[in-house]
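The structure appears below as structure tokens.
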Amino acid sequence: KSDRREFKVDVDDDDTEQQLSLKAVCLGAEAEDKFHMVEVEGLTFDGKSTKVPLVVLKPSVMPSMSLGGFEITPPVTFRLQSGSGPVHISGQHFVSEMYSSAVLVISVCCVGVKDSEDEEEENNTSPVKRPASLMSGKKPPLVTASVWP
């Protein structure tokens with residue numbers, strides 16, 4: 001098991017616009033049957049730091065939850081506030097160069113990258129422009145991050 005109780009997504013380059021689109025949160029099979037709360041810490045529209053609960057899961061009641069493309073702008077920190085996990089968060093991290101029309105897709109972390117080509121095509125109304133390679137039906141990789149003590 002990992003000792004990580006938090007995972008940070010930082011903005012390393014001021015010349016990019018970044019967006020996280022969170023898809024789902026689920027507990028690992030070995031999670032204890034108690035409440036596991038994940039909070040997210042980020043910045044408000046006026047630059048103030050704020051912390052809010054993202055999800056509370058319990059294996060016997062609700063082992064997973066769809067976030068339906070919940071969008072948040074980095075920098076953000078995901079923190080396992082209560083419970084022992086593991087908790088897996090999946091989503092996509094979009095990076096757009098300010099001086100280019102291309103969108104680079106990078107993973108949130110290297111814990112487990114899943115190929116999303118097998119997933120059903122969905123309508124995406126995100127304001128982020130996608131390059132032609134993504135418009136051809138090929139979707140960016142689905143990214144997973146895990147936190148647990």
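Chain labels follow the order of the structure tokens: the first chain is A, the next B, and so on; residue numbering restarts at 1 in every chain, and ligands are counted from 1 in their shown order.
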Residues near Asp33 of chain A, cut-off 8 Å, only C-alpha atoms, skip fewer than 3 positions along chain, as an mmCIF file with C-alpha atoms, in the first residue's frame:
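What follows is the written file selection.cif:
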data_model
loop_
_atom_site.group_PDB
_atom_site.id
_atom_site.type_symbol
_atom_site.label_atom_id
_atom_site.label_comp_id
_atom_site.auth_asym_id
_atom_site.auth_seq_id
_atom_site.Cartn_x
_atom_site.Cartn_y
_atom_site.Cartn_z
ATOM 1 C CA LYS A 58 -18.742 3.262 1.904
ATOM 2 C CA PRO A 59 -18.281 -0.185 0.287
ATOM 3 C CA SER A 60 -21.543 -1.689 1.587
#
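Counting only C-alpha atoms, the residue from A:Gly85, A:Gly91, A:Gly69, A:Pro74 that sits nearest to Glu41 of chain A is A:Pro74.
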Tell me, as a short mmCIF file (atom, residue, chain, number, x, y, z; two decimals) with C-alpha atoms, in the first residue's frame, which residues lie within 7 Å of Leu27 of chain A, counting only C-alpha atoms; anything in the same chain fewer than 6 positions away does not count.
data_model
loop_
_atom_site.label_atom_id
_atom_site.label_comp_id
_atom_site.auth_asym_id
_atom_site.auth_seq_id
_atom_site.Cartn_x
_atom_site.Cartn_y
_atom_site.Cartn_z
CA PRO A 59 -18.28 -0.18 0.29
CA PRO A 63 -18.68 1.92 -3.38
CA SER A 64 -18.46 4.27 -6.37
CA GLY A 85 -8.88 3.80 1.14
CA PRO A 86 -7.75 3.00 -1.40
CA VAL A 87 -9.83 5.51 -3.37
CA HIS A 88 -9.42 5.77 -7.16
#
*So which residues touch Lys8 of chain A within 8 Å, counting only C-alpha atoms, skipping near sequence neighbours fewer than 6 positions away, as JSON, numbers by chain?*
{"A": [75, 76, 77, 78]}
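Separating atom CA of Val11 of chain A from atom CA of Leu67 of chain A is a distance of 22.5 Å.
Among the candidates A:Val38, A:Val61, A:Gly68, A:Val25, the residue lying nearest to Glu6 of chain A is A:Val38 (atoms considered: only C-alpha atoms).
Coordinates place atom CA of Asp10 of chain A at a distance of 15.8 Å from atom CA of Lys48 of chain A.
With only C-alpha atoms as the atoms that count, the minimum distance from Gln81 of chain A to the choices A:Asp15, A:Leu43, A:Cys26, A:Arg4 is reached by A:Arg4.
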